[in-house]
Every structure is written in structure tokens, then in C-alpha cells.
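See below for protein_1.cif, which holds mmCIF, C-alpha atoms.
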data_final
loop_
_atom_site.label_atom_id
_atom_site.label_comp_id
_atom_site.auth_asym_id
_atom_site.auth_seq_id
_atom_site.Cartn_x
_atom_site.Cartn_y
_atom_site.Cartn_z
CA MET A 25 -5.10 -16.96 2.12
CA ASN A 26 -8.32 -16.29 4.05
CA ALA A 27 -9.64 -12.76 3.73
CA ARG A 28 -10.16 -10.66 6.83
CA THR A 29 -12.86 -8.75 4.94
CA LYS A 30 -16.25 -10.37 5.43
CA GLY A 31 -19.55 -10.03 3.63
CA GLN A 32 -20.26 -8.16 0.41
CA ILE A 33 -18.13 -5.17 -0.56
CA HIS A 34 -19.67 -2.54 -2.81
CA ILE A 35 -17.34 -0.20 -4.72
CA ILE A 36 -18.65 3.11 -6.04
CA GLY A 37 -16.36 4.40 -8.78
CA ALA A 38 -14.62 2.00 -11.15
CA GLY A 39 -11.50 3.97 -11.99
CA LEU A 40 -7.91 3.01 -11.15
CA LEU A 41 -8.37 2.64 -7.39
CA GLY A 42 -11.84 1.14 -7.45
CA THR A 43 -10.90 -1.43 -10.08
CA SER A 44 -7.64 -2.28 -8.30
CA ILE A 45 -9.46 -2.82 -5.00
CA GLY A 46 -12.01 -5.02 -6.73
CA LEU A 47 -9.38 -7.10 -8.52
CA SER A 48 -7.44 -7.68 -5.31
CA LEU A 49 -10.52 -8.66 -3.30
CA ARG A 50 -11.77 -11.00 -6.04
CA ASN A 51 -8.40 -12.78 -5.86
CA LEU A 52 -9.34 -13.50 -2.24
CA ASN A 53 -12.80 -14.72 -3.28
CA VAL A 54 -14.52 -11.77 -1.62
CA ASP A 55 -17.95 -10.91 -3.07
CA VAL A 56 -17.57 -7.53 -4.80
CA SER A 57 -20.19 -5.43 -6.57
CA LEU A 58 -19.42 -2.32 -8.59
CA GLU A 59 -21.13 0.81 -9.80
CA ASP A 60 -19.96 3.83 -11.73
CA SER A 61 -21.66 6.95 -13.05
CA SER A 62 -20.50 5.83 -16.50
CA PRO A 63 -22.20 2.58 -17.64
CA ALA A 64 -19.33 1.95 -20.07
CA VAL A 65 -16.69 2.27 -17.32
CA GLN A 66 -18.73 0.06 -15.02
CA SER A 67 -19.05 -2.65 -17.71
CA LEU A 68 -15.35 -2.43 -18.48
CA ALA A 69 -14.35 -2.94 -14.83
CA ILE A 70 -16.75 -5.89 -14.53
CA ASP A 71 -15.40 -7.44 -17.73
CA PHE A 72 -11.93 -6.91 -16.31
CA GLY A 73 -12.90 -9.13 -13.35
CA ALA A 74 -13.12 -6.48 -10.62
CA GLY A 75 -16.64 -7.38 -9.50
CA ARG A 76 -20.27 -7.74 -10.58
CA ASN A 77 -23.39 -5.62 -10.87
CA ILE A 78 -25.21 -4.97 -7.61
CA ALA A 79 -28.59 -6.71 -7.13
CA PRO A 80 -31.65 -5.41 -5.23
CA GLU A 81 -31.47 -8.27 -2.72
CA ASP A 82 -27.78 -7.72 -1.87
CA LYS A 83 -26.77 -7.05 1.74
CA VAL A 84 -23.70 -4.85 1.64
CA SER A 85 -21.39 -4.81 4.67
CA LEU A 86 -18.80 -2.29 3.43
CA VAL A 87 -19.01 0.48 0.83
CA VAL A 88 -15.78 1.84 -0.66
CA VAL A 89 -16.24 5.22 -2.36
CA CYS A 90 -13.66 5.74 -5.11
CA VAL A 91 -14.88 8.89 -6.84
CA PRO A 92 -13.15 12.27 -7.42
CA PRO A 93 -12.62 14.37 -4.27
CA ASP A 94 -15.13 17.08 -5.20
CA VAL A 95 -18.02 14.59 -5.20
CA SER A 96 -16.74 12.25 -2.48
CA ALA A 97 -18.71 13.79 0.40
CA LYS A 98 -21.98 13.78 -1.57
CA THR A 99 -21.41 10.15 -2.58
CA ILE A 100 -20.53 9.10 0.99
CA ILE A 101 -23.67 10.75 2.38
CA SER A 102 -25.75 8.98 -0.26
CA ALA A 103 -24.10 5.62 0.53
CA LEU A 104 -24.78 6.00 4.26
CA ASP A 105 -28.46 6.50 3.41
CA ARG A 106 -28.67 3.74 0.75
CA PHE A 107 -26.89 1.11 2.87
CA PRO A 108 -28.00 1.72 6.49
CA GLU A 109 -26.27 -1.42 7.81
CA ALA A 110 -22.95 -0.86 6.04
CA ILE A 111 -19.68 0.77 7.02
CA VAL A 112 -18.65 3.41 4.47
CA THR A 113 -15.11 4.47 3.62
CA ASP A 114 -13.52 6.46 0.80
CA VAL A 115 -10.07 6.69 -0.79
CA ALA A 116 -9.89 10.42 -1.54
CA SER A 117 -6.51 12.09 -1.00
CA VAL A 118 -8.02 14.95 1.06
CA LYS A 119 -9.84 14.10 4.28
CA ALA A 120 -10.76 17.09 6.49
CA ALA A 121 -13.04 18.90 4.02
CA ILE A 122 -14.89 15.67 3.23
CA LEU A 123 -15.26 14.79 6.92
CA ASP A 124 -16.67 18.25 7.70
CA GLU A 125 -19.31 17.94 4.99
CA VAL A 126 -20.32 14.42 6.00
CA SER A 127 -20.44 15.33 9.72
CA SER A 128 -22.64 18.36 9.09
CA SER A 129 -25.17 16.29 7.13
CA ALA A 130 -28.07 14.30 8.53
CA ALA A 131 -26.30 11.02 7.71
CA ASP A 132 -25.00 8.64 10.41
CA SER A 133 -21.36 9.78 10.24
CA SER A 134 -20.33 7.31 12.97
CA ARG A 135 -20.39 4.61 10.25
CA TYR A 136 -18.05 6.62 8.04
CA VAL A 137 -14.27 6.09 8.22
CA GLY A 138 -12.11 8.14 5.90
CA SER A 139 -9.09 6.42 4.42
CA HIS A 140 -6.39 7.07 1.86
CA PRO A 141 -4.16 4.48 0.17
CA MET A 142 -0.84 6.12 -0.70
CA ALA A 143 -0.70 4.35 -4.03
CA GLY A 144 -1.48 5.20 -7.61
CA ARG A 145 -0.19 5.52 -11.12
CA GLU A 146 0.30 8.45 -13.49
CA LYS A 147 -2.48 7.05 -15.69
CA GLY A 148 -5.96 6.33 -14.37
CA GLY A 149 -8.97 4.35 -15.51
CA ALA A 150 -10.14 0.78 -15.13
CA LEU A 151 -7.64 -0.55 -17.66
CA SER A 152 -4.81 0.70 -15.43
CA GLY A 153 -6.12 -1.28 -12.46
CA ARG A 154 -3.78 -3.78 -10.82
CA PRO A 155 -4.51 -6.22 -7.98
CA ASP A 156 -1.06 -5.57 -6.46
CA LEU A 157 -1.34 -1.77 -6.54
CA PHE A 158 -1.48 -1.46 -2.74
CA VAL A 159 1.05 -4.11 -1.73
CA GLY A 160 3.56 -2.64 0.71
CA ARG A 161 2.05 0.84 0.41
CA PRO A 162 0.90 2.95 3.39
CA TRP A 163 -2.86 3.19 3.85
CA VAL A 164 -4.00 5.96 6.18
CA ILE A 165 -7.16 5.42 8.20
CA THR A 166 -8.55 8.60 9.70
CA VAL A 167 -9.98 8.16 13.18
CA GLU A 168 -12.08 10.78 14.97
CA GLU A 169 -13.74 10.80 18.39
CA SER A 170 -17.15 9.98 16.89
CA THR A 171 -15.91 7.04 14.82
CA GLN A 172 -17.12 3.55 15.76
CA ASP A 173 -14.28 1.23 16.76
CA ASN A 174 -15.87 -1.57 14.75
CA ALA A 175 -15.96 0.62 11.66
CA VAL A 176 -12.25 1.39 11.97
CA ASN A 177 -11.45 -2.33 12.33
CA VAL A 178 -13.47 -3.17 9.21
CA VAL A 179 -11.62 -0.61 7.07
CA GLU A 180 -8.29 -1.66 8.54
CA SER A 181 -9.03 -5.28 7.60
CA LEU A 182 -9.74 -4.18 4.05
CA ALA A 183 -6.39 -2.39 3.78
CA LEU A 184 -4.52 -5.37 5.23
CA ASP A 185 -6.24 -7.75 2.79
CA LEU A 186 -5.00 -5.57 -0.06
CA GLY A 187 -1.42 -5.91 1.19
CA ALA A 188 -1.09 -2.36 2.52
CA THR A 189 0.43 -1.22 5.81
CA THR A 190 -2.02 0.76 7.92
CA LEU A 191 -1.51 4.00 9.80
CA ARG A 192 -4.11 5.75 11.96
CA LEU A 193 -4.24 9.55 11.87
CA SER A 194 -6.84 12.27 12.30
CA ALA A 195 -8.13 13.91 9.12
CA LYS A 196 -6.20 17.10 9.90
CA GLU A 197 -2.97 15.21 10.57
CA HIS A 198 -3.39 13.37 7.28
CA ASP A 199 -3.95 16.54 5.26
CA ARG A 200 -0.91 18.23 6.79
CA ALA A 201 1.27 15.23 5.96
CA VAL A 202 0.15 14.81 2.35
CA ALA A 203 0.53 18.53 1.72
CA LEU A 204 4.26 18.04 2.23
CA ILE A 205 4.96 14.57 0.86
CA SER A 206 2.44 14.42 -2.01
CA HIS A 207 0.79 17.69 -2.97
CA THR A 208 3.88 19.93 -2.91
CA PRO A 209 5.92 17.51 -5.07
CA GLN A 210 3.06 17.49 -7.60
CA VAL A 211 3.07 21.29 -7.89
CA ILE A 212 6.86 21.50 -8.17
CA SER A 213 7.04 18.65 -10.67
CA SER A 214 4.34 20.21 -12.85
CA LEU A 215 5.96 23.65 -12.79
CA LEU A 216 9.34 22.18 -13.69
CA ALA A 217 7.84 20.12 -16.52
CA SER A 218 6.11 23.22 -17.86
CA ARG A 219 9.59 24.68 -18.52
CA LEU A 220 9.98 21.96 -21.16
CA VAL A 221 7.03 23.14 -23.26
CA GLU A 222 9.01 25.88 -25.01
CA ALA A 223 12.39 24.16 -24.74
CA ASP A 224 14.54 23.72 -27.83
CA ASP A 225 14.52 20.21 -29.30
CA PHE A 226 18.31 20.12 -29.03
CA ASP A 227 18.03 20.84 -25.29
CA LEU A 228 15.48 18.06 -24.82
CA ALA A 229 17.76 15.63 -26.61
CA LEU A 230 20.11 15.93 -23.63
CA ALA A 231 17.40 14.94 -21.14
CA GLY A 232 18.63 12.31 -18.72
CA GLN A 233 17.34 10.57 -15.64
CA GLY A 234 17.48 13.70 -13.50
CA VAL A 235 14.79 15.60 -15.38
CA ARG A 236 12.78 12.41 -15.92
CA ASP A 237 12.81 11.59 -12.19
CA THR A 238 11.78 15.08 -11.11
CA THR A 239 9.00 15.47 -13.70
CA ARG A 240 7.54 11.94 -13.69
CA ILE A 241 4.43 12.79 -11.68
CA ALA A 242 3.73 15.82 -13.88
CA ALA A 243 1.99 13.32 -16.19
CA SER A 244 -0.84 13.01 -13.63
CA ASP A 245 -4.43 14.07 -14.39
CA PRO A 246 -4.68 17.90 -14.11
CA LYS A 247 -8.44 17.83 -13.44
CA LEU A 248 -8.04 15.50 -10.47
CA TRP A 249 -5.13 17.48 -9.06
CA LEU A 250 -7.01 20.76 -9.39
CA GLN A 251 -9.59 19.33 -7.00
CA ILE A 252 -7.00 17.97 -4.57
CA LEU A 253 -4.94 21.17 -4.39
CA SER A 254 -7.94 23.44 -3.95
CA MET A 255 -9.47 21.25 -1.23
CA ASN A 256 -6.21 21.11 0.76
CA SER A 257 -5.07 24.68 0.11
CA GLN A 258 -4.92 25.64 3.79
CA GLN A 259 -2.38 22.91 4.56
CA LEU A 260 -0.53 23.28 1.25
CA LEU A 261 0.04 27.04 1.30
CA PRO A 262 2.49 27.18 4.26
CA VAL A 263 4.68 24.52 2.64
CA LEU A 264 4.70 26.24 -0.74
CA LYS A 265 5.45 29.63 0.84
CA GLU A 266 8.46 28.18 2.69
CA PHE A 267 9.64 26.64 -0.58
CA GLN A 268 9.10 29.98 -2.30
CA GLU A 269 11.22 31.77 0.30
CA GLU A 270 14.07 29.26 0.07
CA LEU A 271 14.00 29.34 -3.74
CA ALA A 272 14.08 33.14 -3.68
CA GLU A 273 17.15 33.00 -1.41
CA VAL A 274 18.95 30.70 -3.85
CA VAL A 275 17.98 32.92 -6.79
CA SER A 276 19.27 35.98 -4.94
CA ALA A 277 22.56 34.23 -4.17
CA LEU A 278 22.99 33.22 -7.81
CA GLU A 279 22.34 36.78 -8.95
CA ASN A 280 25.29 37.86 -6.80
CA VAL A 281 27.25 34.63 -6.90
CA HIS A 282 30.58 36.31 -6.09
CA GLY A 283 29.15 38.28 -3.19
CA SER A 284 29.94 37.56 0.42
CA GLY A 285 28.02 34.54 1.73
CA SER A 286 26.34 33.70 -1.59
CA LEU A 287 28.05 30.36 -2.10
CA ALA A 288 27.41 29.45 1.53
CA LYS A 289 23.66 30.01 1.03
CA ILE A 290 23.62 27.82 -2.07
CA GLY A 291 25.71 25.15 -0.37
CA ASN A 292 23.46 25.18 2.68
CA ALA A 293 20.41 24.60 0.49
CA LEU A 294 22.09 21.64 -1.19
CA GLU A 295 23.26 20.18 2.13
CA ARG A 296 19.78 20.46 3.64
CA GLY A 297 18.56 18.52 0.61
CA ASN A 298 21.03 15.75 1.49
CA GLN A 299 19.78 15.76 5.07
CA GLY A 300 16.15 15.64 3.98
CA ILE A 301 16.55 12.77 1.54
CA ALA A 302 18.44 10.79 4.19
CA ARG A 303 15.35 10.92 6.43
CA LEU A 304 13.06 9.23 3.92
CA PRO A 305 12.26 5.60 4.75
CA GLY A 306 14.14 3.20 2.51
CA LYS A 307 14.19 -0.56 2.24
CA HIS A 308 11.90 -2.32 4.75
CA GLY A 309 10.87 1.09 6.15
CA THR A 310 14.32 1.86 7.58
CA ARG A 311 16.23 5.08 6.97
CA ASN A 312 17.93 5.36 3.60
CA THR A 313 21.36 3.73 3.53
CA ALA A 314 24.30 5.01 1.49
CA TYR A 315 24.54 2.45 -1.31
CA SER A 316 27.13 2.02 -4.03
CA GLN A 317 25.89 2.34 -7.61
CA VAL A 318 27.14 0.31 -10.55
CA VAL A 319 25.82 1.23 -14.01
CA VAL A 320 25.61 -1.58 -16.57
CA MET A 321 25.11 -1.12 -20.32
CA ILE A 322 22.73 -3.69 -21.82
CA ASP A 323 21.46 -4.21 -25.35
CA ASP A 324 17.88 -3.06 -25.87
CA LYS A 325 16.48 -6.48 -26.75
CA PRO A 326 14.32 -9.13 -25.04
CA GLY A 327 15.91 -11.25 -22.34
CA GLU A 328 18.94 -9.07 -21.53
CA LEU A 329 17.57 -7.67 -18.28
CA ALA A 330 16.54 -11.14 -17.10
CA ARG A 331 19.99 -12.50 -17.94
CA LEU A 332 21.64 -9.71 -15.97
CA PHE A 333 19.57 -10.39 -12.85
CA THR A 334 20.07 -14.14 -13.13
CA GLU A 335 23.85 -13.83 -13.24
CA VAL A 336 23.96 -11.31 -10.37
CA GLY A 337 21.71 -13.58 -8.31
CA ALA A 338 23.87 -16.62 -9.05
CA ALA A 339 26.83 -14.69 -7.62
CA GLN A 340 24.86 -14.18 -4.37
CA VAL A 341 24.89 -10.38 -4.70
CA ASN A 342 21.76 -8.74 -3.31
CA ILE A 343 20.40 -5.78 -5.31
CA GLU A 344 19.02 -3.11 -2.96
CA ASP A 345 17.54 -0.84 -5.65
CA ILE A 346 17.46 -0.44 -9.42
CA LYS A 347 16.97 2.34 -11.97
CA LEU A 348 16.53 1.81 -15.69
CA ASP A 349 17.21 4.40 -18.38
CA HIS A 350 17.74 4.39 -22.13
CA ALA A 351 20.76 6.00 -23.76
CA THR A 352 19.64 8.80 -26.07
CA GLY A 353 20.17 7.91 -29.72
CA ALA A 354 21.54 4.42 -29.02
CA GLN A 355 19.95 0.97 -28.82
CA VAL A 356 21.24 0.30 -25.33
CA GLY A 357 19.84 0.56 -21.86
CA LEU A 358 21.56 1.80 -18.73
CA VAL A 359 20.78 -0.20 -15.58
CA GLU A 360 21.90 1.37 -12.30
CA LEU A 361 22.28 -1.30 -9.63
CA SER A 362 22.49 -0.23 -5.99
CA VAL A 363 24.27 -2.53 -3.53
CA ILE A 364 25.76 -2.20 -0.07
CA PRO A 365 29.33 -0.84 -0.35
CA ALA A 366 30.82 -4.15 0.82
CA ALA A 367 29.28 -5.91 -2.21
CA GLU A 368 30.39 -3.40 -4.85
CA GLU A 369 33.74 -5.04 -5.67
CA LYS A 370 32.15 -8.50 -5.96
CA LEU A 371 29.38 -7.14 -8.22
CA ILE A 372 31.86 -5.43 -10.55
CA ALA A 373 34.02 -8.56 -10.76
CA THR A 374 30.97 -10.71 -11.52
CA LEU A 375 29.76 -8.38 -14.26
CA ARG A 376 33.15 -8.14 -15.92
CA THR A 377 33.67 -11.91 -15.77
CA ASN A 378 30.35 -12.40 -17.57
CA GLY A 379 31.20 -9.86 -20.25
CA TRP A 380 28.97 -6.96 -19.24
CA LYS A 381 30.02 -3.42 -20.15
CA LEU A 382 30.11 -0.97 -17.24
CA ALA A 383 29.47 2.73 -17.66
CA GLY A 384 31.60 5.28 -15.83
#

Turn this file's structure into C-alpha cells for me.
Amino acid sequence: MNARTKGQIHIIGAGLLGTSIGLSLRNLNVDVSLEDSSPAVQSLAIDFGAGRNIAPEDKVSLVVVCVPPDVSAKTIISALDRFPEAIVTDVASVKAAILDEVSSSAADSSRYVGSHPMAGREKGGALSGRPDLFVGRPWVITVEESTQDNAVNVVESLALDLGATTLRLSAKEHDRAVALISHTPQVISSLLASRLVEADDFDLALAGQGVRDTTRIAASDPKLWLQILSMNSQQLLPVLKEFQEELAEVVSALENVHGSGSLAKIGNALERGNQGIARLPGKHGTRNTAYSQVVVMIDDKPGELARLFTEVGAAQVNIEDIKLDHATGAQVGLVELSVIPAAEEKLIATLRTNGWKLAG
């Protein structure tokens, strides 16, 4: 595959995103140089194969700033000055505050294009870097009136080379969107997970996929999220206040559960949740489809999951989605296979014929 990205790419910040971008571009034989405020982190990312040290004679065409949000604007301004011929982008998850600071500086902000790959992992650092981190993920490119068209095209080419799907928004539109679909879930997940700190061990022994699903992102870096939430507080607050009001209504209904209209309020909240989840894009970007779920019990040993998929594939049954869980206190795994309703009967027959145990 020929890369759309041309020239030398310089990455500032060799954490998860910076290393992942470098690894992916190196797979395309793009010339990548790296720098990080930590010499040890920089050396680690280079040893990992994400790029090389920058040289004085290098001619950089694109700078990708991958540093924490609270120092992104300062780093962008410095990059615009250090590399006067280069386009500069960043991957911070907040855009408007950074754009305002860059635009109010003496730097040539027309060469700056904010961007944000909607990809990541709960754990950061160079060792968590993956060249396929951005494949199939949305990558927002923020476009303002002062932005050079060529600069936007360069950043868009980068995102496409990394396997992402691009979306153009203004910085304000981006911040409003992520407040709802990223920042609010982080707050709610963290608050819910905090209820587990003082929980009884016997209660935690009952933990299933529900609590694990809703608290998964609570494992994210608190220092990074403190920056993100504070920088996007104006967009985040209205969403959290609406959530607060709806939660208070449910709490009030539960306090008077036998009162007139209480059950209707609770039911309405649950139904609106159904309506909301149905609007999320599913497979291939289409609306979520109502799938049938079949739960298979497998032994917790090497090769069992591969054998399951091989036998399902041989039966020409297409798996639309999958969830994997472990049964508490038992050496078995629970694999939830989602298929279109028309394929459910065939899937069950195939599994039973091949000796698999079904749960439920």
C-alpha cells in the first residue's frame, strides 16, 4: 500500500497515541522522527520501532503533537516556530481551548489543524502502542475559516493512512459532541466504580458483565482526565446537569415507588435508554440491529475459543458481535455470540451437534 502521507513526519510525545501513529506510519515506510520530554520514553518508543531521533538537517513536512491537553497549545506554538515549513496537528481530546490559545499567539495558526482520533486504551504509554489502534475509528479534523485547505488535506491523508474514517467539524462542534459521547461516560463510569471501593467482598464476588461493562473506562488515567474535564467544562456541564436532573427524578420515584406515576417515571427512563442505545451506530456504521444472543460455555484453556469460531464458521453462520466473560469461581468462560435472528436456530443446532454446552 502506498502512503498518502508524504515527506518526514515528526511526532512530539511518545505515549500511546504518538507511538501508535509512529508504528502505523513505519509499516507504510513513512519516515518518522520522535521526541519526548522524557529521554527514557523517547528511547523506548524508538526501540519499539515507532521512529528515529530527529536530526538537525531534517526537513519536516508534518508535526503531530501527542502531549497532554494542558501543554498541547504551548507545544503546538513551539512547533509552528521550530518548523516554519511544516503543517502542525495535535491529537488532544479538547479542541476549542487549544485553538483559542494558538490563535491568540504570534504563531502562524493557518498551518495548524486540530484533530482528534476517537481511539485509545485504558492503559497508556509507549508499550501499549499498536499500529492498528486507529483502524475503523473516527478521526475528527477541526476546520476553521482561517485554516489552509492544503493543511486540512495533509492531516486528512494522515488519518486515512492510519485506517481511520475522517469527519470534519469545527472545534466547538467537536467539544460539544465529545462532552456527550466521551466525557460524560467517563465521569459516570468513574463515579459508579467508586461505589466499589467500600463494597463487601461477598458483593464483589457476584460481579458480572453488567458492572464490568459500565465501569471499564474507569481504569483510565485520572491525571489525564482531570485535564480533559476541566478544559471542556463549559460543554460538559449542561450534559451532566441534565443527567443529574433525570437521576434525581428516578431517585424520587423510587423513594415513593407506590405513589401515583412513580413506576411510569422509572419505566420512561428505562424506555428512553432503549431508544438512545438503538441510535448508536452499529456494524458498518448502520443503526444497531436487534440481534439474538447465544451464550456458550467453554473450558478456560488454550485453543477452545479458536475451535469454537472455526466450527461456527464452517457452518456458514456469521457472528455479528461477541462478548467474553469468565464464570466466577469456575474454570470456564462464557462467550456471548450475537447473530441475526434468522441464524439463531442454525447456530444452536451447530453448537449442540459439536458438543458445546449452552448457558440459559

Next item on the list: Name every residue that the PyMOL selection byres ((chain A and resi 36) around 6) selects in this structure, writing the answer as number ranges by chain with chains first and numbers rising.
Entry: A: 35, 37, 59-60, 89-90

Please evaluate the PyMOL selection byres ((chain A and resi 366) around 12) against the displayed coordinates and give the resulting residues as a compact mmCIF listing (two decimals) with C-alpha atoms, in the coordinates of the input.
# COMPACT_ATOMS: atom_id res chain seq x y z
CA ALA A 314 24.30 5.01 1.49
CA TYR A 315 24.54 2.45 -1.31
CA SER A 316 27.13 2.02 -4.03
CA GLN A 317 25.89 2.34 -7.61
CA VAL A 341 24.89 -10.38 -4.70
CA ASN A 342 21.76 -8.74 -3.31
CA SER A 362 22.49 -0.23 -5.99
CA VAL A 363 24.27 -2.53 -3.53
CA ILE A 364 25.76 -2.20 -0.07
CA PRO A 365 29.33 -0.84 -0.35
CA ALA A 367 29.28 -5.91 -2.21
CA GLU A 368 30.39 -3.40 -4.85
CA GLU A 369 33.74 -5.04 -5.67
CA LYS A 370 32.15 -8.50 -5.96
CA LEU A 371 29.38 -7.14 -8.22
CA ILE A 372 31.86 -5.43 -10.55

Check: Residues picked by the PyMOL selection byres ((chain A and resi 140-147) around 7) here, as a count of residues only?
Finding: 16

Margin query: Using Å and a single decimal, report how far CA of Val221 (chain A) sits from CA of Gly357 (chain A).
Written below: 26.0 Å

Next item on the list: Show which residues sit within 9 Å of Arg240 (chain A), as a ChimeraX atom specification. Count all atoms listed in the file, and ignore same-chain residues fewer than 4 positions away.
Entry: /A:146,213-214,217,235-236,244

Expected file contents, prior selection, C-alpha atoms, as a PDB file, in the coordinates of the input:
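Below is the file part-v5.pdb, written as the result:
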ATOM      1  CA  GLU A 146       0.300   8.450 -13.490  1.00  0.00           C
ATOM      2  CA  SER A 213       7.040  18.650 -10.670  1.00  0.00           C
ATOM      3  CA  SER A 214       4.340  20.210 -12.850  1.00  0.00           C
ATOM      4  CA  ALA A 217       7.840  20.120 -16.520  1.00  0.00           C
ATOM      5  CA  VAL A 235      14.790  15.600 -15.380  1.00  0.00           C
ATOM      6  CA  ARG A 236      12.780  12.410 -15.920  1.00  0.00           C
ATOM      7  CA  SER A 244      -0.840  13.010 -13.630  1.00  0.00           C
TER       8      SER A 244
END

Output as a short mmCIF file (atom, residue, chain, number, x, y, z; two decimals), in the frame of the given file: region 257-272 of chain A, completed with N, CA and C atoms.
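selection05.cif, freshly written:
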data_model
loop_
_atom_site.label_atom_id
_atom_site.label_comp_id
_atom_site.auth_asym_id
_atom_site.auth_seq_id
_atom_site.Cartn_x
_atom_site.Cartn_y
_atom_site.Cartn_z
N SER A 257 -5.87 23.46 0.25
CA SER A 257 -5.07 24.68 0.11
C SER A 257 -4.56 25.22 1.44
N GLN A 258 -5.34 25.08 2.50
CA GLN A 258 -4.92 25.64 3.79
C GLN A 258 -3.67 24.94 4.33
N GLN A 259 -3.57 23.64 4.11
CA GLN A 259 -2.38 22.91 4.56
C GLN A 259 -1.23 23.04 3.56
N LEU A 260 -1.55 23.22 2.30
CA LEU A 260 -0.53 23.28 1.25
C LEU A 260 0.19 24.63 1.21
N LEU A 261 -0.54 25.71 1.44
CA LEU A 261 0.04 27.04 1.30
C LEU A 261 1.28 27.29 2.16
N PRO A 262 1.28 26.94 3.45
CA PRO A 262 2.49 27.18 4.26
C PRO A 262 3.72 26.48 3.71
N VAL A 263 3.55 25.27 3.18
CA VAL A 263 4.68 24.52 2.64
C VAL A 263 5.20 25.19 1.38
N LEU A 264 4.28 25.59 0.51
CA LEU A 264 4.70 26.24 -0.74
C LEU A 264 5.35 27.60 -0.48
N LYS A 265 4.86 28.32 0.53
CA LYS A 265 5.45 29.63 0.84
C LYS A 265 6.87 29.47 1.39
N GLU A 266 7.10 28.44 2.21
CA GLU A 266 8.46 28.18 2.69
C GLU A 266 9.37 27.81 1.53
N PHE A 267 8.86 27.00 0.61
CA PHE A 267 9.64 26.64 -0.58
C PHE A 267 9.94 27.88 -1.42
N GLN A 268 8.94 28.75 -1.54
CA GLN A 268 9.10 29.98 -2.30
C GLN A 268 10.20 30.86 -1.70
N GLU A 269 10.21 30.95 -0.38
CA GLU A 269 11.22 31.77 0.30
C GLU A 269 12.62 31.20 0.11
N GLU A 270 12.75 29.88 0.23
CA GLU A 270 14.07 29.26 0.07
C GLU A 270 14.55 29.35 -1.38
N LEU A 271 13.63 29.20 -2.33
CA LEU A 271 14.00 29.34 -3.74
C LEU A 271 14.44 30.77 -4.04
N ALA A 272 13.72 31.74 -3.47
CA ALA A 272 14.08 33.14 -3.68
C ALA A 272 15.48 33.44 -3.12
#
